[in-house]
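Content type mmCIF, C-alpha atoms, from the file data14.cif:
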```
data_model
#
loop_
_atom_site.label_atom_id
_atom_site.label_comp_id
_atom_site.auth_asym_id
_atom_site.auth_seq_id
_atom_site.Cartn_x
_atom_site.Cartn_y
_atom_site.Cartn_z
CA MET A 429 47.76 35.72 17.71
CA SER A 430 49.71 32.54 18.40
CA ASP A 431 49.43 29.54 16.08
CA LYS A 432 47.44 27.74 18.70
CA ASP A 433 44.94 30.58 19.11
CA LYS A 434 44.62 30.79 15.36
CA MET A 435 43.88 27.08 15.16
CA ILE A 436 41.31 27.34 17.94
CA GLU A 437 39.60 30.12 15.96
CA GLU A 438 39.57 27.91 12.86
CA LEU A 439 38.18 25.03 14.86
CA LYS A 440 35.46 27.30 16.27
CA LEU A 441 34.24 28.00 12.75
CA ILE A 442 34.15 24.27 12.03
CA VAL A 443 32.18 23.27 15.14
CA LYS A 444 29.81 26.25 15.12
CA PRO A 445 26.98 24.62 13.11
CA TYR A 446 26.84 21.67 15.53
CA ILE A 447 27.11 23.20 18.99
CA GLN A 448 24.14 23.25 21.33
CA ASP A 449 25.72 25.21 24.17
CA GLU A 450 26.32 28.86 23.34
CA LYS A 451 28.12 29.64 26.58
CA GLY A 452 30.54 26.75 26.19
CA PHE A 453 31.12 27.84 22.60
CA GLU A 454 31.85 31.47 23.48
CA GLU A 455 34.33 30.34 26.08
CA MET A 456 35.83 27.59 23.92
CA HIS A 457 39.45 26.93 24.87
CA GLU A 458 41.96 24.11 24.82
CA GLY A 459 40.29 22.23 27.64
CA THR A 460 36.81 22.34 26.07
CA ASP A 461 35.15 18.95 25.65
CA PHE A 462 33.13 18.64 22.43
CA ILE A 463 30.36 16.56 23.95
CA ASN A 464 30.23 17.70 27.58
CA ASP A 465 30.90 21.43 27.12
CA LEU A 466 29.64 22.20 23.61
CA LYS A 467 26.87 19.57 23.72
CA ILE A 468 27.66 18.49 20.20
CA ASN A 469 25.51 15.51 19.35
CA SER A 470 27.77 12.48 19.07
CA ALA A 471 26.62 11.76 15.51
CA ASN A 472 27.47 15.35 14.53
CA LEU A 473 30.98 14.81 15.87
CA ILE A 474 31.47 12.73 12.72
CA ASP A 475 30.55 15.85 10.73
CA VAL A 476 33.13 17.83 12.68
CA ILE A 477 35.75 15.21 11.84
CA LEU A 478 34.78 15.16 8.15
CA ASP A 479 34.86 18.98 8.06
CA ILE A 480 38.33 18.95 9.63
CA GLU A 481 39.47 16.45 6.99
CA ASP A 482 38.16 18.71 4.21
CA LYS A 483 39.59 21.92 5.63
CA TYR A 484 43.11 20.62 6.32
CA GLU A 485 43.14 18.05 3.52
CA ILE A 486 44.10 15.28 5.90
CA GLU A 487 42.65 11.89 6.70
CA LEU A 488 41.72 10.98 10.23
CA ASP A 489 41.72 7.22 10.61
CA ASN A 490 39.69 5.63 13.37
CA GLU A 491 42.74 5.34 15.59
CA SER A 492 43.28 9.11 15.58
CA MET A 493 39.56 9.73 16.04
CA ASP A 494 39.60 7.63 19.18
CA LYS A 495 40.94 10.47 21.34
CA MET A 496 39.15 13.35 19.64
CA LEU A 497 36.93 14.27 22.54
CA ASN A 498 38.30 17.73 23.28
CA VAL A 499 39.89 20.76 21.61
CA LYS A 500 43.39 19.94 22.83
CA ALA A 501 43.37 16.43 21.39
CA ALA A 502 41.89 17.69 18.12
CA LEU A 503 44.62 20.33 17.74
CA GLU A 504 47.35 17.78 18.42
CA ILE A 505 45.94 15.32 15.91
CA ILE A 506 45.48 17.99 13.22
CA LYS A 507 49.03 19.25 13.76
CA ALA A 508 50.51 15.78 13.53
CA LYS A 509 48.52 14.89 10.41
CA VAL A 510 49.33 18.18 8.67
CA ALA A 511 53.03 17.66 9.44
CA GLU A 512 52.85 14.19 7.87
CA LYS A 513 51.61 15.61 4.57
CA MET Q 663 23.63 -2.01 34.18
CA VAL Q 664 21.59 -0.33 31.49
CA GLY Q 665 22.32 2.26 28.83
CA ASN Q 666 19.79 3.89 26.55
CA ASP Q 667 19.68 6.21 23.55
CA ILE Q 668 16.91 7.98 21.71
CA ILE Q 669 16.91 9.41 18.20
CA ASP Q 670 14.35 11.94 17.09
CA ILE Q 671 13.66 10.88 13.49
CA GLU Q 672 12.50 14.26 12.21
CA GLN Q 673 15.40 16.09 13.88
CA THR Q 674 17.87 13.60 12.44
CA ARG Q 675 16.50 14.02 8.93
CA ARG Q 676 17.00 17.76 9.32
CA SER Q 677 20.39 17.89 11.02
CA THR Q 678 22.44 14.91 9.91
CA ASP Q 679 23.22 13.83 6.40
CA TRP Q 680 24.13 10.16 6.72
CA GLU Q 681 24.68 9.99 2.97
CA ARG Q 682 27.50 12.51 3.21
CA ARG Q 683 30.72 11.13 1.72
CA GLY Q 684 32.77 9.31 4.34
CA PHE Q 685 30.06 9.29 7.01
CA ILE Q 686 29.08 5.62 6.85
CA GLU Q 687 32.69 4.48 6.53
CA LYS Q 688 33.67 6.32 9.72
CA ILE Q 689 30.89 4.81 11.81
CA PHE Q 690 30.22 1.30 10.59
CA THR Q 691 32.38 -1.78 10.25
CA GLU Q 692 32.37 -3.67 6.97
CA LYS Q 693 29.94 -6.20 8.39
CA GLU Q 694 27.57 -3.42 9.43
CA GLN Q 695 27.90 -1.71 6.06
CA ALA Q 696 26.78 -4.94 4.44
CA ILE Q 697 23.70 -4.99 6.70
CA ILE Q 698 22.87 -1.40 5.70
CA ALA Q 699 23.30 -2.14 1.99
CA ALA Q 700 20.91 -5.08 2.21
CA PHE Q 701 18.22 -3.36 4.26
CA PHE Q 702 15.05 -1.94 2.68
CA ASP Q 703 15.28 1.34 4.60
CA PRO Q 704 18.93 2.38 4.99
CA PHE Q 705 18.06 5.54 6.97
CA LEU Q 706 16.30 3.47 9.61
CA ILE Q 707 18.96 0.81 10.00
CA VAL Q 708 21.75 3.40 10.09
CA TRP Q 709 20.13 5.21 13.00
CA GLN Q 710 18.95 2.07 14.74
CA MET Q 711 22.54 0.82 14.80
CA TRP Q 712 23.76 4.22 15.93
CA SER Q 713 21.36 4.14 18.89
CA MET Q 714 22.42 0.56 19.70
CA LYS Q 715 26.06 1.67 19.73
CA GLU Q 716 25.33 4.69 21.90
CA SER Q 717 23.33 2.72 24.45
CA ALA Q 718 26.03 0.04 24.62
CA TYR Q 719 28.73 2.69 24.99
CA LYS Q 720 26.91 4.03 28.06
CA VAL Q 721 27.10 0.61 29.70
CA PHE Q 722 30.77 0.41 28.77
CA ILE Q 723 31.40 3.72 30.60
CA GLN Q 724 29.30 2.61 33.60
CA ALA Q 725 31.43 -0.52 33.78
CA GLY Q 726 34.50 1.70 34.19
CA GLY Q 727 35.63 1.87 30.58
CA GLU Q 728 37.62 4.88 29.44
CA ARG Q 729 35.92 7.40 27.14
CA PHE Q 730 36.74 7.09 23.46
CA TYR Q 731 35.33 8.26 20.16
CA ASN Q 732 35.55 5.51 17.62
CA PRO Q 733 32.14 4.16 16.58
CA LYS Q 734 33.75 1.34 14.61
CA LYS Q 735 35.13 -0.15 17.80
CA ILE Q 736 31.53 -0.93 18.68
CA GLU Q 737 29.92 -3.55 16.46
CA CYS Q 738 26.24 -4.43 16.10
CA SER Q 739 24.65 -7.67 15.02
CA PHE Q 740 21.01 -8.72 14.94
CA ASP Q 741 18.89 -11.58 16.27
CA ASP Q 742 15.83 -10.06 14.70
CA PHE Q 743 14.67 -6.59 13.83
CA GLU Q 744 14.24 -5.45 17.44
CA ASN Q 745 16.85 -7.42 19.27
CA GLY Q 746 20.55 -7.43 18.75
CA GLU Q 747 23.96 -7.75 20.24
CA VAL Q 748 26.65 -5.12 20.53
CA LYS Q 749 30.31 -5.82 21.10
CA ILE Q 750 32.77 -3.31 22.60
CA ASP Q 751 36.19 -4.86 23.25
CA SER Q 752 35.43 -7.87 25.42
CA LEU Q 753 32.06 -6.56 26.53
CA ILE Q 754 29.04 -8.12 24.83
CA LEU Q 755 25.65 -6.56 25.42
CA LYS Q 756 22.08 -7.36 24.49
CA THR Q 757 20.11 -4.55 22.91
CA SER Q 758 16.46 -3.99 22.30
CA THR Q 759 15.10 -1.26 20.01
CA LEU Q 760 11.70 0.31 19.70
CA ILE Q 761 10.93 2.18 16.49
CA ASN Q 762 7.89 4.23 15.61
CA GLU Q 763 7.29 7.12 13.24
CA ASN Q 764 8.69 9.63 15.75
CA TYR Q 765 11.71 8.05 17.32
CA ILE Q 766 14.15 5.18 17.64
CA PHE Q 767 14.83 4.09 21.22
CA SER Q 768 17.42 1.50 22.18
CA THR Q 769 18.47 -0.01 25.48
CA ALA Q 770 21.52 -2.15 26.19
CA THR Q 771 22.05 -4.53 29.10
CA HIS Q 772 24.34 -7.37 30.10
CA ASP Q 773 21.57 -9.92 29.99
CA ASP Q 774 17.87 -9.92 29.33
CA SER Q 775 17.19 -8.24 32.65
CA ASN Q 776 13.88 -6.51 33.06
CA VAL Q 777 14.47 -2.92 32.06
CA GLU Q 778 11.95 -0.29 33.04
CA SER Q 779 11.89 2.45 30.40
CA CYS Q 780 9.74 5.43 29.61
CA VAL Q 781 9.82 7.74 26.59
CA PHE Q 782 8.06 11.07 26.41
CA GLU Q 783 7.76 14.24 24.39
CA LEU Q 784 9.77 17.08 25.90
CA PRO Q 785 8.09 20.39 26.66
CA GLU Q 786 11.36 22.33 26.52
CA ASN Q 787 13.72 23.24 23.70
CA ASP Q 788 16.70 24.21 25.82
CA ILE Q 789 19.03 21.26 26.23
CA HIS Q 790 19.70 21.94 29.93
CA LEU Q 791 16.02 22.25 30.76
CA GLN Q 792 15.40 19.03 28.83
CA SER Q 793 17.91 17.15 31.00
CA GLU Q 794 16.30 18.61 34.08
CA PHE Q 795 12.84 17.53 32.89
CA ILE Q 796 13.99 13.94 32.33
CA ARG Q 797 15.57 13.76 35.80
CA GLU Q 798 12.36 15.03 37.38
CA GLN Q 799 10.29 12.57 35.38
CA LEU Q 800 12.53 9.67 36.41
CA ILE Q 801 12.40 10.65 40.08
CA LYS Q 802 8.64 11.10 39.98
CA ASP Q 803 7.96 7.69 38.41
CA PHE Q 804 10.63 5.94 40.45
CA SER Q 805 9.21 7.30 43.71
CA LYS Q 806 5.80 5.91 42.83
CA ILE Q 807 7.09 2.45 41.96
CA LYS Q 808 9.35 2.23 45.01
CA ASN Q 809 6.96 4.03 47.31
CA GLN Q 810 9.52 6.63 48.30
CA GLU Q 811 9.20 10.39 48.67
CA THR Q 812 10.49 12.40 45.69
CA GLU Q 813 12.23 14.77 48.14
CA ASP Q 814 14.38 11.88 49.36
CA LEU Q 815 15.51 10.94 45.86
CA GLU Q 816 18.27 12.64 43.94
CA ILE Q 817 20.25 11.98 40.78
CA ARG Q 818 23.94 12.83 40.74
CA LYS Q 819 26.55 12.25 38.11
CA THR Q 820 29.99 10.81 38.73
CA ALA Q 821 33.12 12.48 37.36
CA SER Q 822 32.91 10.25 34.30
CA GLY Q 823 29.31 11.34 33.72
CA VAL Q 824 27.55 8.22 34.96
CA PRO Q 825 24.21 9.06 36.60
CA LEU Q 826 23.47 7.47 39.95
CA ILE Q 827 20.31 7.57 42.00
CA TYR Q 828 20.43 8.38 45.71
CA TYR Q 829 17.87 7.79 48.43
CA LYS Q 830 18.42 9.93 51.52
CA ASN Q 831 22.00 10.63 50.39
CA LYS Q 832 22.81 6.95 49.96
CA VAL Q 833 23.52 5.61 46.51
CA LEU Q 834 21.08 2.92 45.40
CA ASP Q 835 22.09 -0.31 43.73
CA ILE Q 836 20.07 0.55 40.65
CA SER Q 837 21.47 1.44 37.27
CA ILE Q 838 19.84 4.35 35.47
CA SER Q 839 20.29 5.90 32.07
CA MET Q 840 18.80 9.04 30.53
CA THR Q 841 18.69 10.25 26.96
CA HIS Q 842 17.24 13.08 24.93
CA HIS Q 843 17.33 14.17 21.33
CA GLY Q 844 15.28 16.77 19.51
CA GLY Q 845 11.79 16.70 20.95
CA PHE Q 846 12.00 13.39 22.79
CA GLY Q 847 13.50 12.09 25.98
CA GLY Q 848 13.49 8.95 28.01
CA TYR Q 849 14.88 7.11 30.94
CA SER Q 850 15.63 3.47 31.78
CA PHE Q 851 16.48 1.71 34.99
CA VAL Q 852 17.20 -1.83 36.05
#
```
The structure given in the file should be rewritten as structure tokens.
Amino acid sequence: MSDKDKMIEELKLIVKPYIQDEKGFEEMHEGTDFINDLKINSANLIDVILDIEDKYEIELDNESMDKMLNVKAALEIIKAKVAEK
Amino acid sequence: MVGNDIIDIEQTRRSTDWERRGFIEKIFTEKEQAIIAAFFDPFLIVWQMWSMKESAYKVFIQAGGERFYNPKKIECSFDDFENGEVKIDSLILKTSTLINENYIFSTATHDDSNVESCVFELPENDIHLQSEFIREQLIKDFSKIKNQETEDLEIRKTASGVPLIYYKNKVLDISISMTHHGGFGGYSFV
């Protein structure tokens, strides 16, 4: 499994409690949009962000959150923040 | 233009812990946090402001704004308990909120234009069927008010997710917004 696939699997575990679209979740890939494809309630997206912070021990400031609408952006932000540690 | 947002109070109590560490700080500006701290029912004001932000964000997107996820970039202030103002970048919108024991429902517009809204209990649990139900409800009521046949009316979404209403395949100069959460849904048009 590539690093990216591994991270997508980790992210799947994080978003699972908040998704409202099973099909979108099963097929979750880099291009998946949290709100449009997984139907995550926008308030629960804050939970996703807080869970990511806890899991990777990073802090996502509001600037980095700004783009966190899909899996690809989330992976990039996590990677950058982890590298900064 | 109009944007709306509904919050099912019971569902929110069950599914979202606003007192979770970091939650408030990620969503609300310092000014807003001061409003929450001073309010007699923090749960209510937290979710009222959330619905104000959401409804204003919908207008921002309708106006051609680019999608973003940064609730602090959207700031609420109040004229009174029901009416407020929301600022997103240079866009300033008027909001109006209705609260009862079941739900919180906000609408946002550029001015005090006469918004037609309706809120109802949803018969479906599935999120896709709920959206479908709200569309049908909007078309049904709209057709009555405008004296048009429901068959001639259709709602389509643009690539950026903005709903538009069509009459005989022609887009109408009417702004619509739809929302659902938990067991409740609603529409607005202006």
Identify all chain A residues at most 8 Å from chain Q by counting only C-alpha atoms; ligands do not count. Present them as JSON, numbers by chain. {"A": [448, 471, 472, 474, 475, 478, 490, 491, 493, 494, 495, 496, 497]}
Next, the residues of the selection above should be written as a compact mmCIF listing (two decimals), in the frame of the given file with C-alpha atoms.
```
# COMPACT_ATOMS: atom_id res chain seq x y z
CA GLN A 448 24.14 23.25 21.33
CA ALA A 471 26.62 11.76 15.51
CA ASN A 472 27.47 15.35 14.53
CA ILE A 474 31.47 12.73 12.72
CA ASP A 475 30.55 15.85 10.73
CA LEU A 478 34.78 15.16 8.15
CA ASN A 490 39.69 5.63 13.37
CA GLU A 491 42.74 5.34 15.59
CA MET A 493 39.56 9.73 16.04
CA ASP A 494 39.60 7.63 19.18
CA LYS A 495 40.94 10.47 21.34
CA MET A 496 39.15 13.35 19.64
CA LEU A 497 36.93 14.27 22.54
```
Starting from the displayed file, determine the output of the PyMOL selection byres ((chain A and resi 481-487) around 8) and express the residue list as a list in words. Ile477, Leu478, Asp479, Ile480, Leu488, Asp489, Ile506, Lys509, Val510 and Lys513 of chain A
For the atom pair atom CA of Ser752 of chain Q and atom CA of Gln695 of chain Q, what is the interatomic distance in Å to one decimal place?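 One can read the atom CA of Ser752 of chain Q to atom CA of Gln695 of chain Q distance as 21.7 Å.
Atom CA of Ala700 of chain Q to atom CA of Arg676 of chain Q spans 24.2 Å [interatomic distance, one decimal].
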Have a look at atom CA of Tyr849 of chain Q and atom CA of Ala821 of chain Q and let me know their distance in Å, one decimal. 20.1 Å
Box centre and edge lengths (Å, one decimal), axis-aligned, segment 683-696 of chain Q plus 4 Å each side, as JSON:
```
{"center_x": 30.2, "center_y": 2.5, "center_z": 6.8, "size_x": 14.9, "size_y": 25.3, "size_z": 18.1}
```
Convert the output of the PyMOL selection byres ((chain A and resi 432) around 12) on the shown file into explicit residues, formatted as a list in words.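 Here the PyMOL selection byres ((chain A and resi 432) around 12) matches Met429, Ser430, Asp431, Asp433, Lys434, Met435, Ile436, Glu437, Glu438, Leu439, His457, Glu458, Val499, Lys500, Ala502, Leu503, Glu504, Ile506 and Lys507 of chain A.
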Would you mind exporting C-alpha atoms of the selected residues as a PDB file, in the coordinates of the input?
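Output contents, as saved in part_38.pdb:
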```
ATOM      1  CA  MET A 429      47.760  35.720  17.710  1.00  0.00           C
ATOM      2  CA  SER A 430      49.710  32.540  18.400  1.00  0.00           C
ATOM      3  CA  ASP A 431      49.430  29.540  16.080  1.00  0.00           C
ATOM      4  CA  ASP A 433      44.940  30.580  19.110  1.00  0.00           C
ATOM      5  CA  LYS A 434      44.620  30.790  15.360  1.00  0.00           C
ATOM      6  CA  MET A 435      43.880  27.080  15.160  1.00  0.00           C
ATOM      7  CA  ILE A 436      41.310  27.340  17.940  1.00  0.00           C
ATOM      8  CA  GLU A 437      39.600  30.120  15.960  1.00  0.00           C
ATOM      9  CA  GLU A 438      39.570  27.910  12.860  1.00  0.00           C
ATOM     10  CA  LEU A 439      38.180  25.030  14.860  1.00  0.00           C
ATOM     11  CA  HIS A 457      39.450  26.930  24.870  1.00  0.00           C
ATOM     12  CA  GLU A 458      41.960  24.110  24.820  1.00  0.00           C
ATOM     13  CA  VAL A 499      39.890  20.760  21.610  1.00  0.00           C
ATOM     14  CA  LYS A 500      43.390  19.940  22.830  1.00  0.00           C
ATOM     15  CA  ALA A 502      41.890  17.690  18.120  1.00  0.00           C
ATOM     16  CA  LEU A 503      44.620  20.330  17.740  1.00  0.00           C
ATOM     17  CA  GLU A 504      47.350  17.780  18.420  1.00  0.00           C
ATOM     18  CA  ILE A 506      45.480  17.990  13.220  1.00  0.00           C
ATOM     19  CA  LYS A 507      49.030  19.250  13.760  1.00  0.00           C
TER      20      LYS A 507
END
```
Could you list the residues chosen by the PyMOL selection byres ((chain Q and resi 780) around 9) in this structure as JSON, numbers by chain? {"Q": [778, 779, 781, 782, 800, 847, 848, 849, 850]}
Within 7 Å of (18.1, -0.5, 28.0), only C-alpha atoms: residues as a CSV table (one decimal) with C-alpha atoms, in the coordinates of the input?
```csv
chain,number,residue,atom,x,y,z
Q,664,VAL,CA,21.6,-0.3,31.5
Q,665,GLY,CA,22.3,2.3,28.8
Q,666,ASN,CA,19.8,3.9,26.6
Q,757,THR,CA,20.1,-4.6,22.9
Q,758,SER,CA,16.5,-4.0,22.3
Q,768,SER,CA,17.4,1.5,22.2
Q,769,THR,CA,18.5,0.0,25.5
Q,770,ALA,CA,21.5,-2.2,26.2
Q,771,THR,CA,22.0,-4.5,29.1
Q,777,VAL,CA,14.5,-2.9,32.1
Q,850,SER,CA,15.6,3.5,31.8
```
Which residues are close to Glu694 of chain Q, i.e. within 8 Å by only C-alpha atoms, leaving aside same-chain residues fewer than 6 positions away? Reply as a PyMOL selection string. chain Q and resi 737-739
Residue neighbourhood segment 802-814 of chain Q, 12 Å, only C-alpha atoms, exclusion window fewer than 2 positions, as a list in words: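 Non-adjacent residues within range: Glu778, Ser779, Cys780, Val781, Phe795, Ile796, Arg797, Glu798, Gln799, Leu800, Glu816, Ile817, Ile827, Tyr828, Tyr829, Lys830, Asn831, Lys832, Val833, Leu834, Ile836, Ile838, Gly848, Tyr849, Ser850, Phe851 and Val852 of chain Q.
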Phe462 of chain A surroundings by only C-alpha atoms, 10 Å radius, close-in-sequence under 5 positions cut, as number ranges by chain: A: 443, 446-447, 452-453, 456, 467-470, 473, 476, 496-499, 502
Show me, as an MDAnalysis selection string, the residues that have an atom within 6 Å of Leu784 of chain Q when counting all atoms listed in the file, minus same-chain residues fewer than 2 positions from it. chainID Q and resid 786 845:846
Go ahead and write the residues just picked, C-alpha atoms, as a JSON list (two decimals), in the coordinates of the input.
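Produced file out-v1.json, reproduced below:
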```json
[["chain", "number", "residue", "atom", "x", "y", "z"],
["Q", 786, "GLU", "CA", 11.36, 22.33, 26.52],
["Q", 845, "GLY", "CA", 11.79, 16.70, 20.95],
["Q", 846, "PHE", "CA", 12.00, 13.39, 22.79]]
```
Among listed residues Q:Asn787, Q:Asn776, Q:Asn745, Q:Gln792, nearest Ile761 of chain Q (using only C-alpha atoms): Q:Asn745
